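Dropping entry-v7.csv in here (CSV, C-alpha atoms):
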```csv
chain,number,residue,atom,x,y,z
A,1,MET,CA,35.9,-44.7,73.2
A,2,MET,CA,35.8,-44.0,76.9
A,3,GLU,CA,37.4,-46.5,79.2
A,4,LEU,CA,37.9,-47.1,82.9
A,5,LEU,CA,41.1,-48.3,84.6
A,6,GLN,CA,41.1,-49.5,88.2
A,7,THR,CA,44.5,-48.3,89.5
A,8,SER,CA,46.0,-49.0,92.8
A,9,HIS,CA,44.8,-45.6,93.9
A,10,GLY,CA,41.3,-45.7,92.4
A,11,THR,CA,39.3,-45.6,89.2
A,12,ILE,CA,40.2,-43.2,86.4
A,13,GLU,CA,38.3,-42.6,83.2
A,14,TYR,CA,40.2,-42.0,80.0
A,15,ARG,CA,40.1,-41.9,76.2
A,16,HIS,CA,43.0,-43.0,74.1
A,17,ASP,CA,42.9,-42.0,70.4
A,18,MET,CA,45.8,-43.4,68.5
A,19,HIS,CA,47.2,-41.2,65.6
A,20,GLY,CA,51.0,-41.4,65.9
A,21,SER,CA,54.0,-42.4,67.9
A,22,LEU,CA,54.0,-39.3,70.1
A,23,THR,CA,51.3,-38.9,72.8
A,24,VAL,CA,49.7,-35.7,74.2
A,25,LEU,CA,48.3,-36.2,77.6
A,26,ILE,CA,45.4,-33.7,78.1
A,27,LEU,CA,43.9,-32.7,81.4
A,28,ASN,CA,40.8,-30.7,80.6
A,29,GLY,CA,39.2,-27.9,82.6
A,30,GLY,CA,36.1,-27.4,84.7
A,31,HIS,CA,32.7,-28.9,83.7
A,32,THR,CA,34.4,-31.3,81.2
A,33,THR,CA,35.3,-35.0,81.0
A,34,ALA,CA,37.8,-36.8,78.8
A,35,ALA,CA,34.9,-37.3,76.3
A,36,MET,CA,35.2,-33.7,75.2
A,37,ARG,CA,37.8,-32.9,72.6
A,38,THR,CA,38.7,-29.5,74.0
A,39,GLY,CA,41.5,-27.9,72.0
A,40,GLU,CA,42.6,-31.3,70.5
A,41,ASP,CA,42.3,-30.5,66.8
A,42,TYR,CA,45.7,-28.8,66.7
A,43,PHE,CA,47.5,-31.9,68.1
A,44,VAL,CA,45.5,-34.4,66.0
A,45,SER,CA,46.2,-32.4,62.8
A,46,ARG,CA,49.9,-32.8,63.5
A,47,GLY,CA,49.7,-36.5,64.1
A,48,TYR,CA,49.9,-36.8,67.9
A,49,SER,CA,48.0,-39.5,69.7
A,50,ILE,CA,45.6,-38.2,72.3
A,51,LEU,CA,45.3,-39.5,75.9
A,52,SER,CA,42.6,-37.5,77.7
A,53,VAL,CA,41.9,-38.2,81.4
A,54,SER,CA,38.9,-37.1,83.3
A,55,ARG,CA,40.0,-35.4,86.6
A,56,PRO,CA,38.6,-36.4,90.0
A,57,GLY,CA,34.8,-36.0,90.2
A,58,TYR,CA,34.3,-35.8,86.5
A,59,GLY,CA,32.9,-38.7,84.5
A,60,GLY,CA,34.0,-42.0,85.9
A,61,THR,CA,37.1,-40.8,87.8
A,62,ASP,CA,36.8,-41.3,91.5
A,63,THR,CA,36.2,-38.0,93.4
A,64,ALA,CA,38.4,-39.4,96.3
A,65,LEU,CA,41.5,-39.2,94.1
A,66,SER,CA,41.6,-35.5,94.9
A,67,GLU,CA,41.7,-35.9,98.7
A,68,ILE,CA,45.4,-37.0,99.0
A,69,TYR,CA,48.1,-34.8,97.5
A,70,GLY,CA,49.4,-36.3,94.2
A,71,GLU,CA,47.1,-39.4,94.3
A,72,PHE,CA,45.3,-38.5,91.0
A,73,GLU,CA,48.7,-37.8,89.4
A,74,GLN,CA,50.0,-41.2,90.6
A,75,ALA,CA,47.0,-42.9,89.2
A,76,THR,CA,47.5,-41.2,85.9
A,77,ASN,CA,51.1,-42.2,85.8
A,78,GLU,CA,50.0,-45.8,86.4
A,79,LEU,CA,47.7,-45.4,83.4
A,80,LEU,CA,50.7,-44.5,81.3
A,81,GLU,CA,52.5,-47.6,82.5
A,82,GLN,CA,49.5,-49.8,81.7
A,83,LEU,CA,49.3,-48.4,78.2
A,84,GLY,CA,53.1,-48.7,77.6
A,85,ILE,CA,53.6,-44.9,77.2
A,86,GLU,CA,57.0,-43.8,78.5
A,87,ARG,CA,56.8,-40.0,77.9
A,88,VAL,CA,54.2,-37.5,76.9
A,89,ILE,CA,53.7,-33.9,76.0
A,90,LEU,CA,51.5,-32.7,78.9
A,91,VAL,CA,48.7,-30.2,78.3
A,92,GLY,CA,46.8,-28.6,81.2
A,93,ILE,CA,43.7,-26.6,80.2
A,94,SER,CA,42.0,-24.1,82.5
A,95,ALA,CA,41.4,-25.8,85.9
A,96,GLY,CA,43.3,-28.8,84.6
A,97,GLY,CA,46.5,-26.7,84.7
A,98,ARG,CA,47.0,-27.4,88.4
A,99,ALA,CA,46.9,-31.2,87.9
A,100,ALA,CA,49.2,-30.8,85.0
A,101,MET,CA,51.8,-28.9,87.0
A,102,ARG,CA,51.5,-31.4,89.9
A,103,PHE,CA,52.0,-34.3,87.4
A,104,ALA,CA,55.1,-32.6,85.9
A,105,GLU,CA,56.4,-32.0,89.4
A,106,LEU,CA,55.8,-35.5,90.7
A,107,HIS,CA,56.6,-37.5,87.6
A,108,PRO,CA,59.2,-35.6,85.7
A,109,ASP,CA,60.5,-38.7,83.9
A,110,SER,CA,57.1,-39.1,82.2
A,111,VAL,CA,56.9,-35.6,80.8
A,112,ASP,CA,58.9,-34.2,77.8
A,113,LYS,CA,57.2,-30.8,77.7
A,114,LEU,CA,54.4,-28.9,79.5
A,115,VAL,CA,51.9,-26.7,77.8
A,116,LEU,CA,49.5,-24.6,80.0
A,117,MET,CA,46.5,-23.2,78.1
A,118,SER,CA,44.2,-20.7,79.8
A,119,ALA,CA,45.4,-22.4,83.0
A,120,VAL,CA,44.7,-21.6,86.6
A,121,SER,CA,47.7,-21.1,88.8
A,122,PHE,CA,48.0,-22.0,92.5
A,123,LYS,CA,46.6,-18.6,93.4
A,124,LYS,CA,43.1,-18.4,94.8
A,125,TRP,CA,40.5,-19.0,92.1
A,126,PRO,CA,37.7,-18.3,91.3
A,127,SER,CA,36.4,-15.1,92.8
A,128,GLN,CA,34.4,-15.2,96.0
A,129,SER,CA,31.1,-14.4,94.2
A,130,THR,CA,31.7,-17.1,91.7
A,131,ARG,CA,32.6,-19.5,94.4
A,132,MET,CA,29.3,-18.8,96.3
A,133,ALA,CA,27.2,-19.2,93.1
A,134,ALA,CA,29.0,-22.4,92.2
A,135,ARG,CA,28.1,-24.0,95.6
A,136,ILE,CA,24.5,-23.6,94.6
A,137,ALA,CA,24.5,-24.2,90.9
A,138,PHE,CA,27.3,-26.8,90.5
A,139,ASN,CA,27.1,-28.9,93.7
A,140,PRO,CA,26.8,-32.6,93.0
A,141,VAL,CA,23.1,-32.6,94.0
A,142,LEU,CA,21.9,-29.8,91.7
A,143,GLU,CA,24.4,-29.6,88.9
A,144,TYR,CA,22.4,-32.1,86.7
A,145,VAL,CA,19.4,-29.8,86.9
A,146,THR,CA,21.5,-26.7,86.2
A,147,TRP,CA,22.9,-28.1,83.0
A,148,ALA,CA,19.7,-29.7,81.9
A,149,VAL,CA,18.0,-26.3,82.2
A,150,MET,CA,20.9,-24.7,80.3
A,151,ARG,CA,20.6,-27.2,77.5
A,152,TRP,CA,16.9,-26.6,77.2
A,153,LEU,CA,17.5,-22.9,77.0
A,154,LEU,CA,20.3,-23.4,74.4
A,155,ARG,CA,18.0,-25.4,72.2
A,156,ARG,CA,15.2,-22.8,72.5
A,157,TRP,CA,17.2,-19.5,72.4
A,158,SER,CA,20.6,-20.6,71.2
A,159,ARG,CA,22.2,-17.3,70.2
A,160,LYS,CA,21.0,-15.4,73.3
A,161,ILE,CA,22.1,-18.1,75.7
A,162,VAL,CA,25.5,-18.7,73.9
A,163,SER,CA,26.1,-14.9,74.2
A,164,TYR,CA,25.2,-15.0,77.9
A,165,LEU,CA,27.5,-17.9,78.7
A,166,PHE,CA,30.3,-16.7,76.5
A,167,GLN,CA,30.3,-13.4,78.4
A,168,GLN,CA,31.6,-15.3,81.4
A,169,LEU,CA,34.6,-16.3,79.3
A,170,THR,CA,35.7,-12.9,78.0
A,171,THR,CA,36.4,-9.4,79.2
A,172,LEU,CA,35.2,-8.0,75.8
A,173,ASP,CA,31.6,-7.6,74.8
A,174,ALA,CA,30.4,-11.1,74.0
A,175,ARG,CA,27.9,-9.9,71.4
A,176,ASP,CA,30.6,-8.0,69.5
A,177,VAL,CA,33.0,-11.0,69.6
A,178,LEU,CA,30.5,-13.5,68.5
A,179,ALA,CA,29.4,-11.1,65.7
A,180,SER,CA,32.9,-11.3,64.3
A,181,TYR,CA,33.0,-15.1,64.5
A,182,PRO,CA,32.1,-17.4,61.6
A,183,PRO,CA,29.0,-19.6,62.1
A,184,SER,CA,31.2,-22.7,62.6
A,185,SER,CA,32.9,-21.2,65.6
A,186,ILE,CA,29.6,-20.2,67.2
A,187,ASP,CA,28.3,-23.7,66.6
A,188,ALA,CA,31.4,-25.1,68.3
A,189,ILE,CA,30.9,-22.9,71.3
A,190,ALA,CA,27.3,-23.9,71.6
A,191,SER,CA,28.2,-27.6,71.3
A,192,MET,CA,30.8,-27.1,74.1
A,193,PHE,CA,28.2,-25.6,76.4
A,194,MET,CA,25.7,-28.4,75.5
A,195,GLN,CA,28.2,-31.0,76.7
A,196,PHE,CA,29.1,-29.4,80.1
A,197,ARG,CA,28.6,-31.4,83.3
A,198,SER,CA,30.1,-30.7,86.7
A,199,GLY,CA,29.6,-33.9,88.6
A,200,SER,CA,31.5,-33.4,91.9
A,201,GLY,CA,34.5,-32.2,90.0
A,202,PHE,CA,33.9,-28.5,90.0
A,203,MET,CA,33.5,-28.5,93.8
A,204,ASN,CA,37.0,-30.2,93.8
A,205,ASP,CA,38.3,-27.5,91.5
A,206,ILE,CA,37.5,-24.7,93.8
A,207,SER,CA,38.5,-26.4,97.0
A,208,ARG,CA,41.5,-25.2,98.9
A,209,ARG,CA,43.2,-28.6,98.8
A,210,LEU,CA,43.8,-28.3,95.0
A,211,MET,CA,45.6,-25.0,95.5
A,212,LYS,CA,48.7,-27.1,96.6
A,213,GLY,CA,51.7,-27.5,94.3
A,214,ASN,CA,55.3,-26.8,93.8
A,215,PRO,CA,55.7,-25.4,90.3
A,216,GLU,CA,59.1,-24.0,91.2
A,217,THR,CA,60.4,-27.6,91.0
A,218,ILE,CA,59.2,-28.1,87.4
A,219,THR,CA,62.2,-28.6,85.1
A,220,GLN,CA,60.6,-29.5,81.8
A,221,PRO,CA,60.4,-26.9,79.0
A,222,THR,CA,57.1,-25.1,79.6
A,223,LEU,CA,54.9,-22.9,77.4
A,224,ILE,CA,52.1,-20.8,79.0
A,225,LEU,CA,49.4,-19.7,76.5
A,226,HIS,CA,46.8,-17.2,77.7
A,227,SER,CA,44.4,-14.7,76.1
A,228,LYS,CA,44.7,-11.1,77.3
A,229,TYR,CA,40.9,-11.1,77.2
A,230,ASP,CA,40.3,-14.2,79.3
A,231,GLY,CA,37.3,-13.6,81.5
A,232,SER,CA,37.5,-16.8,83.4
A,233,VAL,CA,41.1,-17.0,84.5
A,234,PRO,CA,42.6,-13.5,85.0
A,235,LEU,CA,46.0,-12.5,83.6
A,236,ASP,CA,47.6,-12.5,87.1
A,237,HIS,CA,47.4,-16.3,87.0
A,238,PRO,CA,49.7,-16.9,84.0
A,239,LEU,CA,52.0,-14.1,85.2
A,240,HIS,CA,52.2,-15.8,88.6
A,241,THR,CA,52.9,-19.2,87.1
A,242,ALA,CA,55.6,-17.8,84.7
A,243,LYS,CA,57.5,-16.4,87.7
A,244,GLN,CA,57.3,-19.8,89.5
A,245,ILE,CA,58.4,-22.1,86.7
A,246,LYS,CA,62.0,-21.7,85.8
A,247,HIS,CA,62.6,-20.9,82.1
A,248,ALA,CA,58.9,-21.0,81.3
A,249,VAL,CA,57.9,-19.1,78.1
A,250,LEU,CA,54.9,-16.9,78.6
A,251,SER,CA,52.8,-16.1,75.5
A,252,ILE,CA,49.9,-13.7,75.9
A,253,ASN,CA,47.8,-13.6,72.7
A,254,ASN,CA,45.0,-11.6,71.2
A,255,THR,CA,42.4,-14.3,71.0
A,256,GLU,CA,39.1,-13.1,72.5
A,257,SER,CA,38.3,-15.4,75.3
A,258,HIS,CA,39.2,-18.3,77.7
A,259,VAL,CA,38.4,-20.8,74.9
A,260,MET,CA,41.1,-19.4,72.6
A,261,TRP,CA,41.3,-22.4,70.4
A,262,LEU,CA,37.8,-21.5,69.1
A,263,SER,CA,38.9,-18.1,68.0
A,264,PRO,CA,39.6,-17.1,64.3
A,265,ARG,CA,42.9,-15.8,65.7
A,266,TRP,CA,43.9,-19.2,66.9
A,267,MET,CA,46.3,-19.7,63.9
A,268,GLU,CA,48.6,-17.1,65.6
A,269,VAL,CA,48.8,-19.3,68.7
A,270,GLU,CA,49.4,-22.3,66.5
A,271,ASN,CA,52.6,-20.7,65.2
A,272,THR,CA,53.8,-20.3,68.8
A,273,LEU,CA,53.0,-23.9,69.6
A,274,ASP,CA,54.7,-25.2,66.5
A,275,GLU,CA,58.0,-23.4,67.5
A,276,PHE,CA,57.8,-24.7,71.0
A,277,LEU,CA,57.1,-28.3,70.1
A,278,ALA,CA,59.9,-28.3,67.5
A,279,SER,CA,62.4,-26.9,69.9
A,280,LYS,CA,64.8,-29.1,71.9
```

Could you write out this file's structure as structure tokens?
Amino acid sequence: MMELLQTSHGTIEYRHDMHGSLTVLILNGGHTTAAMRTGEDYFVSRGYSILSVSRPGYGGTDTALSEIYGEFEQATNELLEQLGIERVILVGISAGGRAAMRFAELHPDSVDKLVLMSAVSFKKWPSQSTRMAARIAFNPVLEYVTWAVMRWLLRRWSRKIVSYLFQQLTTLDARDVLASYPPSSIDAIASMFMQFRSGSGFMNDISRRLMKGNPETITQPTLILHSKYDGSVPLDHPLHTAKQIKHAVLSINNTESHVMWLSPRWMEVENTLDEFLASK
């Protein structure tokens, strides 16, 4: 169930699913809110509780929380205090990677380990052409129309539109990749696209103010997971982050896209995650 908390910094939206004594704090990527269970199945299957927080501009989280450095992260830490959660395993996915790194930097006592999945670094992102297109399609005035049209197209020509959208997430041929996937994976990808909304969040994600962070000060054990075929966040991002975070473990895998948890090869990544989470 989605909930709102009025912190001393502003309102944040979150979902807290209780499964066990250890909590995974998830900061999702672009076009998503805390309602989406992006990449959560792995953690739920291993008995972790899930605390998913919508980032500024997404869902019910105040857009203004992105305007002052660290304010969203401070509000999120206040949420942990309100829920009585002392420490978390922190997971930053895609554009949520920057917020995850800032949280680990600013609130080290709240984070046991940091996992970055398909994560954006503090390098410039996305490309200039994508940035220009986003200002038209995903600005707060038009994004509702953009996604409403996309959902209509998905319902009418599902396979063709899934292939078109998936091509933005992989450097491989999307049609070949999807042809190798079981129907359940394709259905999960289509469902993900059907749930996308941008609010004012994606404009925040590509703003220069969110390129600020000090990952070199992160001291927690860190695992960086990235597909070599990621078409959304190029490989220079995880390589750059791995150089900045001391003792970070970089694992480049053979999953086929940015959404690597939907790949039939995901089990190989799960083994890496298992080893990392079990380590001290």

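When CA of Tyr14 in chain A is paired with CA of Ile93 in chain A, their separation reads 15.8 Å.
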
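Picture a line from CA of Pro215 in chain A to CA of Leu235 in chain A; it runs 17.5 Å.
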
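Shortest separation to His240 in chain A among A:Glu81, A:Glu13, A:Asp41, A:Glu216 occurs at residue A:Glu216, atoms counted being all atoms listed in the file.
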
Which residue, A:Ile136, A:Leu239, A:Met211, A:Leu262, has the smallest gap to Tyr181 in chain A when you use all atoms listed in the file?
-> A:Leu262

Within 9 Å of Asn253 in chain A, counting only C-alpha atoms, which residues qualify if same-chain residues fewer than 3 places away don't, as a PyMOL selection string?
-> chain A and resi 225-229+256+260+265-266+268-269

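Computed from the coordinates, the CA of Thr171 in chain A to CA of Asp230 in chain A distance equals 6.2 Å.
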
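Proximity of A:Asn139, A:Thr170, A:Asn204, A:Ser129 to Ile68 in chain A, computed with only C-alpha atoms, is greatest for A:Asn204.
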
Would you mind listing, for every residue of range 170-276 of chain A within 10 Å of range 108-118 of chain A, the two atoms forming the shortest contact and the distance between them in Å to one decimal, using all atoms listed in the file, sorted by chain and ascending residue number, as a tab-separated table?
```
residue	atom	partner	partner_atom	distance
A:Thr217	CA	A:Pro108	CA	9.7
A:Ile218	CA	A:Pro108	CA	7.7
A:Thr219	CA	A:Pro108	CA	7.6
A:Gln220	CA	A:Lys113	CA	5.5
A:Pro221	CA	A:Lys113	CA	5.2
A:Thr222	CA	A:Leu114	CA	4.7
A:Leu223	CA	A:Val115	CA	4.9
A:Ile224	CA	A:Leu116	CA	4.7
A:Leu225	CA	A:Met117	CA	4.8
A:His226	CA	A:Ser118	CA	4.8
A:Ser227	CA	A:Ser118	CA	7.1
A:Lys228	CA	A:Ser118	CA	9.9
A:Asp230	CA	A:Ser118	CA	7.6
A:Ser232	CA	A:Ser118	CA	8.5
A:Val233	CA	A:Ser118	CA	6.7
A:Pro234	CA	A:Ser118	CA	9.0
A:Leu235	CA	A:Ser118	CA	9.2
A:His237	CA	A:Ser118	CA	9.0
A:Pro238	CA	A:Ser118	CA	7.9
A:Thr241	CA	A:Leu116	CA	9.5
A:Ala248	CA	A:Leu114	CA	9.3
A:Val249	CA	A:Val115	CA	9.7
A:Leu250	CA	A:Leu116	CA	9.5
A:Ser251	CA	A:Met117	CA	9.8
A:Ile252	CA	A:Ser118	CA	9.8
A:Ser257	CA	A:Ser118	CA	9.1
A:His258	CA	A:Ser118	CA	5.9
A:Val259	CA	A:Ser118	CA	7.6
A:Met260	CA	A:Ser118	CA	7.9
A:Trp261	CA	A:Met117	CA	9.3
A:Leu273	CA	A:Val115	CA	8.7
A:Phe276	CA	A:Lys113	CA	9.1
```

Identify, on the basis of all atoms listed in the file, every residue whose closest approach to range 47-50 of chain A does not exceed 7 Å; exclude the query and any residue fewer than 2 positions from it along the same chain; express the result as an mmCIF file with C-alpha atoms, in the coordinates of the input.
```
data_model
loop_
_atom_site.group_PDB
_atom_site.id
_atom_site.type_symbol
_atom_site.label_atom_id
_atom_site.label_comp_id
_atom_site.auth_asym_id
_atom_site.auth_seq_id
_atom_site.Cartn_x
_atom_site.Cartn_y
_atom_site.Cartn_z
ATOM 1 C CA HIS A 16 43.000 -43.000 74.100
ATOM 2 C CA ASP A 17 42.900 -42.000 70.400
ATOM 3 C CA MET A 18 45.800 -43.400 68.500
ATOM 4 C CA HIS A 19 47.200 -41.200 65.600
ATOM 5 C CA GLY A 20 51.000 -41.400 65.900
ATOM 6 C CA SER A 21 54.000 -42.400 67.900
ATOM 7 C CA LEU A 22 54.000 -39.300 70.100
ATOM 8 C CA THR A 23 51.300 -38.900 72.800
ATOM 9 C CA VAL A 24 49.700 -35.700 74.200
ATOM 10 C CA LEU A 25 48.300 -36.200 77.600
ATOM 11 C CA PHE A 43 47.500 -31.900 68.100
ATOM 12 C CA VAL A 44 45.500 -34.400 66.000
ATOM 13 C CA SER A 45 46.200 -32.400 62.800
ATOM 14 C CA SER A 52 42.600 -37.500 77.700
#
```

Got a sec: who's within 12 Å of Ala133 in chain A, counting all atoms listed in the file, leaving out chain neighbours fewer than 6 positions off, as a PyMOL selection string?
-> chain A and resi 126-127+139+142-143+146+202-203+206

Pick out the closest residue to Arg37 in chain A from this set: A:Arg15, A:His107, A:Arg151, A:Arg156. Count all atoms listed in the file.
-> A:Arg15

Within 7 Å of Ala119 in chain A using all atoms listed in the file, minus same-chain residues under 4 positions, as a PDB file with C-alpha atoms, keeping the file's coordinate frame:
```
ATOM      1  CA  GLY A  92      46.800 -28.600  81.200  1.00  0.00           C
ATOM      2  CA  ILE A  93      43.700 -26.600  80.200  1.00  0.00           C
ATOM      3  CA  SER A  94      42.000 -24.100  82.500  1.00  0.00           C
ATOM      4  CA  ALA A  95      41.400 -25.800  85.900  1.00  0.00           C
ATOM      5  CA  GLY A  96      43.300 -28.800  84.600  1.00  0.00           C
ATOM      6  CA  GLY A  97      46.500 -26.700  84.700  1.00  0.00           C
TER       7      GLY A  97
END
```

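Omitting Ile186 in chain A and its sequence neighbours fewer than 3 positions away, and counting only C-alpha atoms, the residues within 12 Å are Ser158, Arg159, Lys160, Ile161, Val162, Ser163, Leu165, Phe166, Ala174, Arg175, Val177, Leu178, Ala179, Ser180, Tyr181, Pro182, Pro183, Ile189, Ala190, Ser191, Met192, Phe193, Val259, Leu262, Ser263 and Pro264 of chain A.
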
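Restricting the calculation to all atoms listed in the file, the smallest distance between Phe103 in chain A and any of A:Leu27, A:Tyr58, A:Tyr42, A:Asn254 is found for A:Leu27.
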
Go through A:Thr76, A:Gln195, A:Glu71, A:Trp152 one by one, measure the shortest atom-to-atom distance of each to Leu4 in chain A using only C-alpha atoms, and give the residue with the smallest value.
-> A:Thr76

Using 5 Å of padding on each side, determine the axis-aligned box around all atoms of range 153-161 of chain A present in the file and give its centre and edge lengths in Å to one decimal, as AutoDock Vina command-line options.
```
--center_x 18.7 --center_y -20.4 --center_z 73.6 --size_x 17.0 --size_y 20.0 --size_z 16.8
```

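Taking only C-alpha atoms into account, the residues near (45.2, -24.0, 99.4), no farther than 12 Å, are Tyr69, Arg98, Ser121, Phe122, Lys123, Lys124, Trp125, Asn204, Asp205, Ile206, Ser207, Arg208, Arg209, Leu210, Met211, Lys212, Gly213 and Asn214 of chain A.
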